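Only one structure is covered here, and it is reproduced in the block below.
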Amino acid sequence: MKLQRMNRRALALGALAVSGALALTACGSDETGNPDGGSSNAAAPSNIKCDDASGQVLADGSSAQKNAVDAWVKQFSAACKVEINYKAGGSGAGVTAFTQGQVPWAGSDSALKPEEVKASQKICSGGQGIDLPMVGGPIAVGYNVPGVDNLVLDAATIAKIFDSKITNWNDPAIAKLNPDAKLPNLKIQAFHRSDESGTTDNFTKYLIATAKKDFPYEGGKAWQAKGGQSAPQSSGVAAQVKQTAGAIGYFELSYAKDGIKTVAIDTGAGKPVEATVDNATKAIADAKVVGTGKDLALELNYATKAEGAYPMVLVTYEIVCDKGNKTDTLPAVKAFLRYAASEDGQKILAENDYAPMPDDIIAKVRTTVESLS
Amino acid sequence: MDTTQIADAPPPIQPPAAEQKRAARGATRPGDRIFLGFSRGSGILLLVIMAAIAGFLTYRAVLAISKDDGNFLTTFEWNTGTTPPVFGIAVLAYGTIVSSIIAMVIAVPVSVAIALFLTHYAPRRLRGPIAYVIDLLAAVPSIVYGLWGALILVPHMNGLFGWLNDYLGWTGIFSWQGGAARSMLTVGILLAIMILPIITNVSREVFRQVPQMHEEAALALGATRWEVIRMAVLPFGRSGIISASMLGLGRALGETMAVATVLSPDFLIHTSLLDPGGGTFAQNIASKFSEATEFGRDALIASGLVLFVITLLVNGAARAIIARRKEYSGANA
């Protein structure tokens, strides 16, 4: 008897929980369903050219540029009758979805590989997939060392720290770069990403390009050095750095919030360079376009010594077909990318801790976007 | 037997034979036939699904392993993006098994104790609520355990880790160099909490089925309550406890999100259970899947196949143990 009554009460509780959850999710989907509420319509930028774009666009790819895409989508869908759904499932997932023809546009932290270009020829009738550099991002090296407010490191020291060759904060190599700092006798806890990530790829590319001797690995999306600790996602690494004394880790600049201090890099320029959006744009300006034809894949100059250029940067590409895009999505994708590459679109990036593309690169992107067919 | 004999009987007694025939056919009325077909179909469907899973895993795994530059079983690395790709499951297999063993070592005695308490010691009015709370533990989603583990358990493990290091550090298994407790032992403890409900519930059911006569007979011989449990309840429930533990072990082997949230994964085998590092199959698949290329996914599927095989082996072993102790099987009592 007692047990039965118990069960009924449990049932009621469960029902309450389920209906509550349903009510909550209903609210949630309502909100995401109408990104263009009445009020934002009024503030919609007037210089977005919609042409005859309409309908729904699915996209997938790099999570590094998710916040940038979200900001664009908010403005864009307020002006045009296009619903854009960017999934941010990761660069790998995005490229796969693109080469399988599931999405007309994907985002990726690294340019298409030759075999991926080949695969894209199947879905771009008469054309192939191309990379359009659209979003830059400084990779910040955050640290948590009690009593140290300004930390300067160079590539070789960073490489040694992340390869477990330097294991204490009072190491002479660090002290030499920071003569004024009071470095504590504290074990270094270096954090890297546990998941595969374009951030890791670009961070290690930088170390390999500038300190090959101290970082003898091939590089790639998976972390290769042994030792150190790891955490999932940029947010996970940032959280560990924040709560662990003696920690150091790398993540996109937008995660260096809530009192996480970032390392200034001694690049060989006159002054150590802080991780800021402007400094990242300056470093991207040193990049070379290496893509052929309409492809605008960049080769970054990580060893740049330009004044105020922060070399540890990540560039995300938007991947589309140069020719043979699906006719039902082409106008919408074209209009959206046109907006993203426009002055307004690039300006929004800086407000979200991303780096706008330098002028001459974005000019090329604009020409290419106009020629998409 | 009876019916066929009568059906074959000579013609003179035909009317009763016909009646008997109808009765025999009664066993295959349309409803019965439909039910037979349905259950047989379900059984076959299950086999087909299992074969399809195994086939899919094997096909994709072979694609990946044939391009692996390292030894798939012994390499301490997981780099599917490099040329040539190098990956191996040694660390994952070690981590999966070690974390599950830790979980079992903690969870089984605790679960059996809870089950015994609920069936033999607890006052009647406490039994319902306690059982209910344990059921609730099973209803907590694993990501919630993961968050709780990362935010509450990990920062609070330092005391235990320090103590283990002080008294057992010399073994090497429990040496600790400080730092966050995002290690195999923490994962094992978290897994133990997660598999506790299922082991407790099944053990409790088994203990409730111990024939009253056995216990009363033992009491009549002058046994104390603990002796009753030791001589009547535990031997009777042994196969049940083993099955319950295997269900829990299955959960521990495959747990994904909680491990991925709490552990600090790397591709090294640490002798100390307190060092951050290691990894499990499910955690590795969850962490690497979203950014993996098609080949990277094949490699992850190959590791999934190994987990599949390990799980099959564990289940097979459990069945073998239970089969050897059939005389105590609770279900047949």
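A note on labels: chains of the structure tokens are A, B, ... as shown, every chain counts residues from 1, and ligands are counted from 1 in their shown order.
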Check your understanding: Any idea what's packed within 8 Å of stretch 340-347 of chain A, counting only C-alpha atoms, ignoring anything in its chain fewer than 5 positions away? Could you give it as a PyMOL selection string?
Key -> chain A and resi 72+134+356-357+362+365-366
Contacts of chain B with chain A up to 10 Å, shortest pair per row, only C-alpha atoms, as a Markdown table:
| residue | atom | partner | partner_atom | distance |
| --- | --- | --- | --- | --- |
| B:Phe76 | CA | A:Lys226 | CA | 9.8 |
| B:Glu77 | CA | A:Gln224 | CA | 7.8 |
| B:Trp78 | CA | A:Ala222 | CA | 7.6 |
| B:Asn79 | CA | A:Ala222 | CA | 6.1 |
| B:Thr80 | CA | A:Ala222 | CA | 8.0 |
| B:Gly81 | CA | A:Gly220 | CA | 6.2 |
| B:Thr82 | CA | A:Gly220 | CA | 6.6 |
| B:Thr83 | CA | A:Glu218 | CA | 8.9 |
| B:Arg125 | CA | A:Lys2 | CA | 8.6 |
| B:Arg127 | CA | A:Leu3 | CA | 9.3 |
| B:Gly128 | CA | A:Leu3 | CA | 6.3 |
| B:Pro129 | CA | A:Met6 | CA | 8.2 |
| B:Tyr132 | CA | A:Ala10 | CA | 8.6 |
| B:Pro155 | CA | A:Gln243 | CA | 9.5 |
| B:Gln177 | CA | A:Lys187 | CA | 9.4 |
| B:Gly178 | CA | A:Lys187 | CA | 8.9 |
| B:Gly179 | CA | A:Gln189 | CA | 7.6 |
| B:Ala180 | CA | A:Thr244 | CA | 7.3 |
| B:Arg182 | CA | A:Gln229 | CA | 8.9 |
| B:Ala260 | CA | A:Pro232 | CA | 7.7 |
| B:Thr261 | CA | A:Pro232 | CA | 7.5 |
| B:Val262 | CA | A:Ala231 | CA | 8.7 |
| B:Leu263 | CA | A:Ala231 | CA | 7.8 |
| B:Ser264 | CA | A:Ser230 | CA | 4.8 |
| B:Pro265 | CA | A:Ser230 | CA | 5.8 |
| B:Asp266 | CA | A:Ser230 | CA | 7.0 |
| B:Phe267 | CA | A:Lys226 | CA | 7.3 |
| B:Leu268 | CA | A:Lys226 | CA | 7.4 |
| B:Asp275 | CA | A:Gln229 | CA | 9.7 |
| B:Pro276 | CA | A:Gln229 | CA | 6.7 |
| B:Gly277 | CA | A:Gln229 | CA | 6.9 |
| B:Gly279 | CA | A:Ser194 | CA | 9.9 |
| B:Gln283 | CA | A:Asp195 | CA | 9.9 |
| B:Asn284 | CA | A:Asp195 | CA | 8.1 |
| B:Ile285 | CA | A:Asp195 | CA | 9.4 |
| B:Ala286 | CA | A:Asp195 | CA | 8.4 |
| B:Ser287 | CA | A:Asp195 | CA | 4.6 |
| B:Lys288 | CA | A:Asp195 | CA | 5.0 |
| B:Phe289 | CA | A:Glu196 | CA | 8.2 |
| B:Ser290 | CA | A:Gly90 | CA | 5.5 |
| B:Glu291 | CA | A:Gly92 | CA | 4.5 |
| B:Ala292 | CA | A:Gly92 | CA | 5.2 |
| B:Thr293 | CA | A:Gly92 | CA | 5.1 |
| B:Glu294 | CA | A:Thr96 | CA | 7.2 |
| B:Gly296 | CA | A:Gly92 | CA | 9.3 |
| B:Arg297 | CA | A:Gly92 | CA | 9.8 |
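Atom CA of A:Ala335 to atom CA of A:Ala111 spans 22.3 Å [interatomic distance, one decimal].
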Practice item. Determine which residues of stretch 144-198 of chain B receive a DSSP assignment of helix (DSSP H, G or I), computed from the backbone, and state them as a PyMOL selection string. Key: chain B and resi 144-156+158-171+184-198
Those of stretch 22-271 of chain A in DSSP strand (DSSP E or B), formatted as a compact mmCIF listing (two decimals) with C-alpha atoms, in the first residue's frame:
# COMPACT_ATOMS: atom_id res chain seq x y z
CA SER A 54 15.25 33.86 -49.82
CA GLY A 55 14.69 30.55 -48.12
CA GLN A 56 16.76 28.51 -45.78
CA VAL A 57 20.49 27.84 -45.77
CA LEU A 58 22.08 25.08 -43.76
CA ALA A 59 25.76 25.38 -42.98
CA ASP A 60 28.18 23.48 -40.81
CA GLY A 61 31.78 23.79 -39.74
CA LYS A 81 14.24 36.92 -45.86
CA VAL A 82 16.85 34.23 -45.37
CA GLU A 83 17.10 31.85 -42.50
CA ILE A 84 20.68 30.73 -41.94
CA ASN A 85 21.38 27.81 -39.69
CA TYR A 86 25.08 27.42 -38.86
CA TRP A 105 28.70 26.43 -47.46
CA ALA A 106 31.03 25.24 -44.71
CA GLY A 107 33.44 26.88 -42.30
CA SER A 108 36.91 25.47 -41.64
CA GLY A 129 35.46 23.94 -53.53
CA ILE A 130 37.40 27.12 -52.72
CA ASP A 131 38.59 28.73 -49.48
CA LEU A 132 37.61 32.30 -48.67
CA PRO A 133 39.48 33.72 -45.65
CA MET A 134 36.88 35.68 -43.78
CA VAL A 135 37.54 35.60 -40.02
CA GLY A 136 40.80 36.03 -38.18
CA GLY A 137 41.34 35.20 -34.56
CA PRO A 138 44.23 35.71 -32.21
CA ILE A 139 45.09 32.63 -30.17
CA ALA A 140 45.82 33.85 -26.68
CA VAL A 141 48.15 32.10 -24.27
CA GLY A 142 46.48 32.54 -20.91
CA TYR A 143 48.26 31.99 -17.61
CA ASN A 144 47.55 31.91 -13.92
CA VAL A 152 56.46 38.01 -21.77
CA LEU A 153 57.45 34.79 -23.52
CA ASN A 168 58.79 25.50 -13.07
CA LYS A 187 55.09 23.90 -10.92
CA GLN A 189 50.70 23.03 -15.45
CA ALA A 190 50.45 23.31 -19.21
CA PHE A 191 46.98 22.70 -20.61
CA HIS A 192 46.24 21.66 -24.17
CA ARG A 193 43.05 20.63 -25.94
CA GLN A 229 47.19 18.22 -19.00
CA SER A 230 44.20 18.61 -21.26
CA ALA A 231 40.64 19.80 -21.32
CA ALA A 247 48.48 26.93 -15.22
CA ILE A 248 49.12 28.05 -18.77
CA GLY A 249 46.98 27.23 -21.81
CA TYR A 250 46.03 28.42 -25.27
CA PHE A 251 42.58 29.36 -26.56
CA GLU A 252 40.87 31.91 -28.76
CA LYS A 261 45.81 37.21 -18.13
CA THR A 262 47.42 36.65 -21.51
CA ALA A 264 52.68 39.06 -24.61
CA ILE A 265 54.94 37.55 -27.25
Which residues come within 6 Å of stretch 89-95 of chain B, counting only C-alpha atoms, excluding same-chain residues fewer than 3 positions away, as a PDB file with N, CA and C atoms, in the first residue's frame?
ATOM      1  N   LEU B  73      47.522  -2.014 -31.797  1.00  0.00           N
ATOM      2  CA  LEU B  73      47.289  -2.478 -30.431  1.00  0.00           C
ATOM      3  C   LEU B  73      48.251  -1.882 -29.421  1.00  0.00           C
ATOM      4  N   THR B  74      49.437  -1.445 -29.864  1.00  0.00           N
ATOM      5  CA  THR B  74      50.436  -1.068 -28.858  1.00  0.00           C
ATOM      6  C   THR B  74      50.892   0.378 -28.944  1.00  0.00           C
ATOM      7  N   VAL B  98      41.118  -0.075 -16.388  1.00  0.00           N
ATOM      8  CA  VAL B  98      41.502   0.358 -15.044  1.00  0.00           C
ATOM      9  C   VAL B  98      40.377   1.150 -14.382  1.00  0.00           C
ATOM     10  N   SER B  99      39.784   2.108 -15.130  1.00  0.00           N
ATOM     11  CA  SER B  99      38.736   2.915 -14.497  1.00  0.00           C
ATOM     12  C   SER B  99      37.541   2.039 -14.140  1.00  0.00           C
ATOM     13  N   PHE B 267      47.867  10.563 -24.038  1.00  0.00           N
ATOM     14  CA  PHE B 267      48.144   9.217 -24.554  1.00  0.00           C
ATOM     15  C   PHE B 267      49.381   8.621 -23.919  1.00  0.00           C
ATOM     16  N   ILE B 269      50.522   5.936 -20.485  1.00  0.00           N
ATOM     17  CA  ILE B 269      50.059   5.114 -19.372  1.00  0.00           C
ATOM     18  C   ILE B 269      50.817   5.563 -18.131  1.00  0.00           C
ATOM     19  N   GLY B 278      45.623   9.641 -19.216  1.00  0.00           N
ATOM     20  CA  GLY B 278      44.965   8.416 -19.618  1.00  0.00           C
ATOM     21  C   GLY B 278      43.790   8.719 -20.519  1.00  0.00           C
ATOM     22  N   GLY B 279      42.967   7.724 -20.720  1.00  0.00           N
ATOM     23  CA  GLY B 279      41.811   7.923 -21.586  1.00  0.00           C
ATOM     24  C   GLY B 279      41.011   6.644 -21.666  1.00  0.00           C
ATOM     25  N   THR B 280      39.767   6.745 -22.118  1.00  0.00           N
ATOM     26  CA  THR B 280      38.966   5.544 -22.334  1.00  0.00           C
ATOM     27  C   THR B 280      38.434   5.580 -23.764  1.00  0.00           C
ATOM     28  N   PHE B 281      38.002   4.425 -24.238  1.00  0.00           N
ATOM     29  CA  PHE B 281      37.501   4.332 -25.611  1.00  0.00           C
ATOM     30  C   PHE B 281      36.391   5.349 -25.857  1.00  0.00           C
TER      31      PHE B 281
END
Exercise for review: With a distance cut-off of 7 Å and only C-alpha atoms, select the neighbouring residues of stretch 137-153 of chain B, excluding the residue or stretch itself and same-chain residues fewer than 2 positions from it, and output the selection as a VMD selection string.
Suggested key: chain B and resid 133 to 135 155 to 157 190 194 197 257 to 259 261 to 262
How about saving the chosen residues, N, CA, C and O atoms kept, as a compact mmCIF listing (two decimals), in the first residue's frame?
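In the end it all went to part06.txt:
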# COMPACT_ATOMS: atom_id res chain seq x y z
N VAL B 133 15.41 6.77 -3.68
CA VAL B 133 16.55 7.68 -3.88
C VAL B 133 17.60 7.02 -4.76
O VAL B 133 18.19 7.65 -5.63
N ILE B 134 17.80 5.72 -4.56
CA ILE B 134 18.80 5.02 -5.39
C ILE B 134 18.34 4.99 -6.84
O ILE B 134 19.13 5.17 -7.77
N ASP B 135 17.03 4.78 -7.04
CA ASP B 135 16.50 4.83 -8.40
C ASP B 135 16.75 6.19 -9.03
O ASP B 135 17.07 6.31 -10.21
N PRO B 155 37.84 19.28 -7.25
CA PRO B 155 38.49 20.15 -6.26
C PRO B 155 38.52 19.56 -4.85
O PRO B 155 39.38 19.93 -4.06
N HIS B 156 37.59 18.64 -4.55
CA HIS B 156 37.56 18.09 -3.20
C HIS B 156 38.35 16.79 -3.05
O HIS B 156 38.34 16.19 -1.98
N MET B 157 38.99 16.36 -4.12
CA MET B 157 39.74 15.11 -4.03
C MET B 157 41.13 15.32 -3.45
O MET B 157 41.80 14.36 -3.08
N LEU B 190 33.83 8.32 -9.69
CA LEU B 190 32.61 8.85 -10.33
C LEU B 190 31.81 7.71 -10.99
O LEU B 190 30.59 7.63 -10.83
N MET B 194 28.00 6.10 -10.43
CA MET B 194 27.03 5.98 -11.52
C MET B 194 26.50 4.56 -11.67
O MET B 194 25.36 4.38 -12.11
N PRO B 197 23.38 2.33 -8.62
CA PRO B 197 21.95 2.02 -8.59
C PRO B 197 21.61 0.68 -9.23
O PRO B 197 20.84 -0.09 -8.67
N MET B 257 30.33 10.72 -21.44
CA MET B 257 30.37 12.15 -21.16
C MET B 257 30.98 12.46 -19.80
O MET B 257 31.76 13.40 -19.66
N ALA B 258 30.62 11.68 -18.80
CA ALA B 258 31.15 11.97 -17.46
C ALA B 258 32.68 11.86 -17.47
O ALA B 258 33.38 12.70 -16.91
N VAL B 259 33.18 10.82 -18.14
CA VAL B 259 34.64 10.64 -18.20
C VAL B 259 35.28 11.79 -18.97
O VAL B 259 36.27 12.38 -18.55
N THR B 261 34.33 14.73 -19.31
CA THR B 261 34.28 16.00 -18.59
C THR B 261 35.28 16.04 -17.44
O THR B 261 35.84 17.09 -17.14
N VAL B 262 35.50 14.90 -16.81
CA VAL B 262 36.32 14.90 -15.59
C VAL B 262 37.80 14.65 -15.88
O VAL B 262 38.66 15.25 -15.28
Mind checking which residues fall within 8 Å of B:Val202, counting only C-alpha atoms, ignoring those fewer than 4 positions away in the same chain, and posting them as a CSV table (one decimal) with all heavy atoms, in the first residue's frame?
chain,number,residue,atom,x,y,z
B,198,ILE,N,22.2,0.4,-10.4
B,198,ILE,CA,21.8,-0.8,-11.1
B,198,ILE,C,22.2,-2.0,-10.3
B,198,ILE,O,21.5,-3.0,-10.2
B,198,ILE,CB,22.3,-0.8,-12.5
B,198,ILE,CG1,21.7,-1.9,-13.3
B,198,ILE,CG2,23.8,-0.9,-12.6
B,198,ILE,CD1,21.4,-1.6,-14.7
B,206,VAL,N,17.3,-9.9,-6.0
B,206,VAL,CA,17.8,-11.3,-5.8
B,206,VAL,C,17.6,-11.7,-4.3
B,206,VAL,O,17.2,-12.7,-4.0
B,206,VAL,CB,19.2,-11.5,-6.3
B,206,VAL,CG1,19.8,-12.8,-5.9
B,206,VAL,CG2,19.3,-11.2,-7.8
B,240,GLY,N,23.2,-13.9,-8.9
B,240,GLY,CA,22.5,-12.6,-9.1
B,240,GLY,C,23.4,-11.4,-9.0
B,240,GLY,O,23.4,-10.5,-9.7
B,241,ILE,N,24.3,-11.5,-7.9
B,241,ILE,CA,25.2,-10.4,-7.7
B,241,ILE,C,26.2,-10.3,-8.9
B,241,ILE,O,26.5,-9.2,-9.3
B,241,ILE,CB,26.0,-10.6,-6.4
B,241,ILE,CG1,25.1,-10.6,-5.2
B,241,ILE,CG2,27.1,-9.5,-6.2
B,241,ILE,CD1,25.7,-11.0,-3.9
B,244,ALA,N,24.4,-8.7,-11.7
B,244,ALA,CA,24.2,-7.3,-11.4
B,244,ALA,C,25.5,-6.5,-11.7
B,244,ALA,O,25.5,-5.4,-12.3
B,244,ALA,CB,23.7,-7.1,-10.0
Practice item. Check the smallest atom-to-atom distance from each of A:Leu314, A:Cys321, A:Leu177, A:Ala79 to A:Lys122 using only C-alpha atoms, then report the winner. Key: A:Cys321
Practice item. Please provide the set of residues having any atom within 10 Å of A:Gly126, restricted to only C-alpha atoms, with same-chain residues fewer than 5 positions apart removed, written as a ChimeraX atom specification. Key: /A:121,321-325
Expected file contents, prior selection, N, CA, C and O atoms, as a JSON list (two decimals), in the first residue's frame:
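The new file out_25.json reads:
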[["chain", "number", "residue", "atom", "x", "y", "z"],
["A", 121, "GLN", "N", 34.67, 18.30, -56.29],
["A", 121, "GLN", "CA", 34.35, 18.44, -57.71],
["A", 121, "GLN", "C", 33.08, 17.67, -58.07],
["A", 121, "GLN", "O", 32.40, 17.99, -59.04],
["A", 321, "CYS", "N", 31.49, 26.43, -53.46],
["A", 321, "CYS", "CA", 31.90, 26.06, -54.82],
["A", 321, "CYS", "C", 32.17, 27.35, -55.60],
["A", 321, "CYS", "O", 31.41, 28.31, -55.48],
["A", 322, "ASP", "N", 33.24, 27.37, -56.41],
["A", 322, "ASP", "CA", 33.44, 28.56, -57.24],
["A", 322, "ASP", "C", 32.43, 28.56, -58.38],
["A", 322, "ASP", "O", 31.93, 29.60, -58.77],
["A", 323, "LYS", "N", 32.14, 27.39, -58.92],
["A", 323, "LYS", "CA", 31.13, 27.26, -59.98],
["A", 323, "LYS", "C", 30.25, 26.07, -59.62],
["A", 323, "LYS", "O", 30.69, 25.17, -58.91],
["A", 324, "GLY", "N", 29.04, 26.09, -60.13],
["A", 324, "GLY", "CA", 28.18, 24.93, -59.94],
["A", 324, "GLY", "C", 27.55, 24.85, -58.57],
["A", 324, "GLY", "O", 27.26, 23.76, -58.07],
["A", 325, "ASN", "N", 27.36, 25.99, -57.90],
["A", 325, "ASN", "CA", 26.60, 25.98, -56.65],
["A", 325, "ASN", "C", 25.15, 25.65, -56.96],
["A", 325, "ASN", "O", 24.65, 25.93, -58.06]]
Review point. Excluding same-chain residues fewer than 4 positions from A:Gly147, what lies within 9 Å of it counting only C-alpha atoms, as a VMD selection string?
Key: chain A and resid 181 to 184
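Using only C-alpha atoms, the smallest distance between any of B:Tyr167, B:Leu116, B:Arg204, B:Ala299 and B:Gly88 comes from B:Ala299.
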